[in-house]
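Following: one structure in structure tokens, then a few remarks.
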Amino acid sequence: MFYSIFQKYLESTDIPGRHLMDFITFRAGIAFALALLLALVFGQTVIHRLQKMQIGEDIRDLGLAGQMEKKGTPTMGGIIIILSILIPCLLIGNLSNIYMSLMLIATVWMGTIGFLDDYRKIKFHNKDGLKGKYKVAGQVGLGLIVGLSMWFSPQIVMSENDEVMNLDRHETEIVHSPIMEKTPQTTIPFVKNHNFNYEWLTKWMPSEEAAETAGWIAFVIIVIFVVTAVSNGANLTDGLDGLCAGTSAIIAVALLIMAYLSGNLIYSGYLNIMYIPGSEEMVVYGAAFVGALVGFLWYNAFPAQVFMGDTGSLMLGGVIAVFAILIRKELLIPLLCLIFFIEDLSVMLQVAYFKHTKKRYGEGRRIFKMTPLHHHFQKDAPAGSMVLWKYPRIPMPEPRIVVRFWIVGILLAVLTFVTLKIR
């Protein structure tokens, strides 16, 4: 709103500071500060409201230290995060920008799915909440919206980067094509030019037009898979106070920086990555996203006064996935979001191994003491227990587990940036 007012009414005036809204860094700073303040100021109000409505977490006794003390803690705190993101973006974001619009749609879309899931758990005392098929349908729906928008929207284009030899200086230079292309191209690590085109998977098709269409279809399928996988991974990671919020904030900072670099012709040339005009607006969204998470951590850090619930965790994963896809960095997600994927993988491996050993030995055995993986470090390993990985035998305090996961997340974010220079 304020961005539109500045652009429409103040651009041609002599009022001091009239051009401030033109600077991405200024608007990003305001978005971060405003989101942080909103989360801090209104967070307590939302918590009191949730307590008054008796919207508390129903905790099952799984033998984890301090677990039952959390019973009755208000959940659905993801509402705090969502409002703290939406208000700054609506006030100072460029709402005509397709990237900002898609991020806001992703926030509301996944937040609604998570809200319905939490509502069913609380209203009907159903620990499973929304049926899995409906969650997946919602995630697939968001993937289709994002993938098809990138396919058909004329605003979403990119400029391919290439190396050329400067004969005067006898050195190579990075040059971006002046032609803005609509292509299903993405960044891939450890490759010299960092670019991978999904159309290369369909070059075998009889015509160029058919190959192009099939390439975009392959891209949309990848988008759906990424949105679903990252959203579910974030949902599983939300099991300890501050774990999902802190990990998501670290990932968001890395994506925010990448969006700034991709939307800047000079910096994208220096790093030899594709230039995506308009994507710099996502820096404003990313700043609000990080500010909201930092503010939420004020109440969610151990011992938590509120849990984000699926309202927050499903939204966080979905937003992170869409953010990475829009700046063409979805193939970096396996490294950047490795914590989410390990949490996902730990559950799948545990279930598969248990079923296999039960069928073979008549008694199910486990790889981990408990899954998702973060609970493994909370649980003890009694002598004689049928668990492959028993470290640590003595349970770790919850804050130590969370901080160590954060440290791993920071390391993964740094390594993700390193891949942009390893070729």
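Chain lettering (A, B, ...) mirrors the order of the structure tokens, residue numbering begins at 1 for each chain separately, and ligand numbering begins at 1 in order of display.
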
In segment 130-315 of chain A, what's strand (DSSP E) per DSSP? Answer as a list of chain:residue names? A:Asn161, A:Asp162, A:Glu163, A:Val164, A:Met165, A:Asn166, A:Glu171, A:Thr172, A:Glu173, A:Ile174, A:Val175, A:His176, A:Gln185, A:Thr186, A:Thr187, A:Asn195, A:Phe196, A:Asn197

I need the residues in segment 105-211 of chain A that are helix (DSSP H, G or I) according to DSSP; give them as an NGL selection string. :A and (105-123 or 132-152 or 198-202 or 208-211)

Could you name the residues that touch Ala252 of chain A at 10 Å or less, counting only C-alpha atoms, but leaving out those on the same chain fewer than 4 positions away, as number ranges by chain? A: 246-248, 256-258, 283, 286-287, 289-290, 293, 316, 319-320, 323-324, 336, 413

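If only C-alpha atoms are the atoms counted, then among A:Glu363, A:Glu208, A:Glu199, A:Asp310 the closest residue to Phe115 of chain A is A:Asp310.
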
Residues within 10 Å of Phe302 of chain A, only C-alpha atoms, excluding chain neighbours under 6 positions, as a count of residues only: 7

With 12 Å as the cut-off and only C-alpha atoms counted, what is the closest atom pair between each nearby residue of segment 291-404 of chain A and segment 28-50 of chain A? Distances in Å to one decimal, ordered by chain and number, as CSV.
residue,atom,partner,partner_atom,distance
A:Gly291,CA,A:Leu36,CA,4.5
A:Ala292,CA,A:Ala35,CA,4.9
A:Leu293,CA,A:Leu36,CA,7.7
A:Val294,CA,A:Leu36,CA,6.5
A:Gly295,CA,A:Leu36,CA,4.8
A:Phe296,CA,A:Ala39,CA,5.9
A:Leu297,CA,A:Ala39,CA,9.2
A:Trp298,CA,A:Leu40,CA,7.2
A:Tyr299,CA,A:Gly43,CA,7.6
A:Asn300,CA,A:Gly43,CA,10.2
A:Ala304,CA,A:Ile47,CA,11.1
A:Gln305,CA,A:Ile47,CA,7.7
A:Val306,CA,A:Ile47,CA,6.7
A:Phe307,CA,A:Ile47,CA,9.6
A:Met308,CA,A:Ile47,CA,10.7

Do a neighbour search on Met282 of chain A at 10 Å with only C-alpha atoms, toss out local chain neighbours closer than 4 positions, and write the hits as a ChimeraX atom specification. /A:24,28,89,93-94,97-103,255-260,263,278,286-288,323,326-327

Sorted per-residue table, segment 193-244 of chain A near segment 120-137 of chain A, closest atoms and distance, 10 Å, only C-alpha atoms, as JSON lines:
{"residue": "A:Ile224", "atom": "CA", "partner": "A:Val136", "partner_atom": "CA", "distance": 9.8}
{"residue": "A:Val227", "atom": "CA", "partner": "A:Val136", "partner_atom": "CA", "distance": 9.8}
{"residue": "A:Thr228", "atom": "CA", "partner": "A:Val136", "partner_atom": "CA", "distance": 6.9}
{"residue": "A:Ala229", "atom": "CA", "partner": "A:Val136", "partner_atom": "CA", "distance": 9.9}
{"residue": "A:Ser231", "atom": "CA", "partner": "A:Val136", "partner_atom": "CA", "distance": 9.8}
{"residue": "A:Asn232", "atom": "CA", "partner": "A:Val136", "partner_atom": "CA", "distance": 9.3}
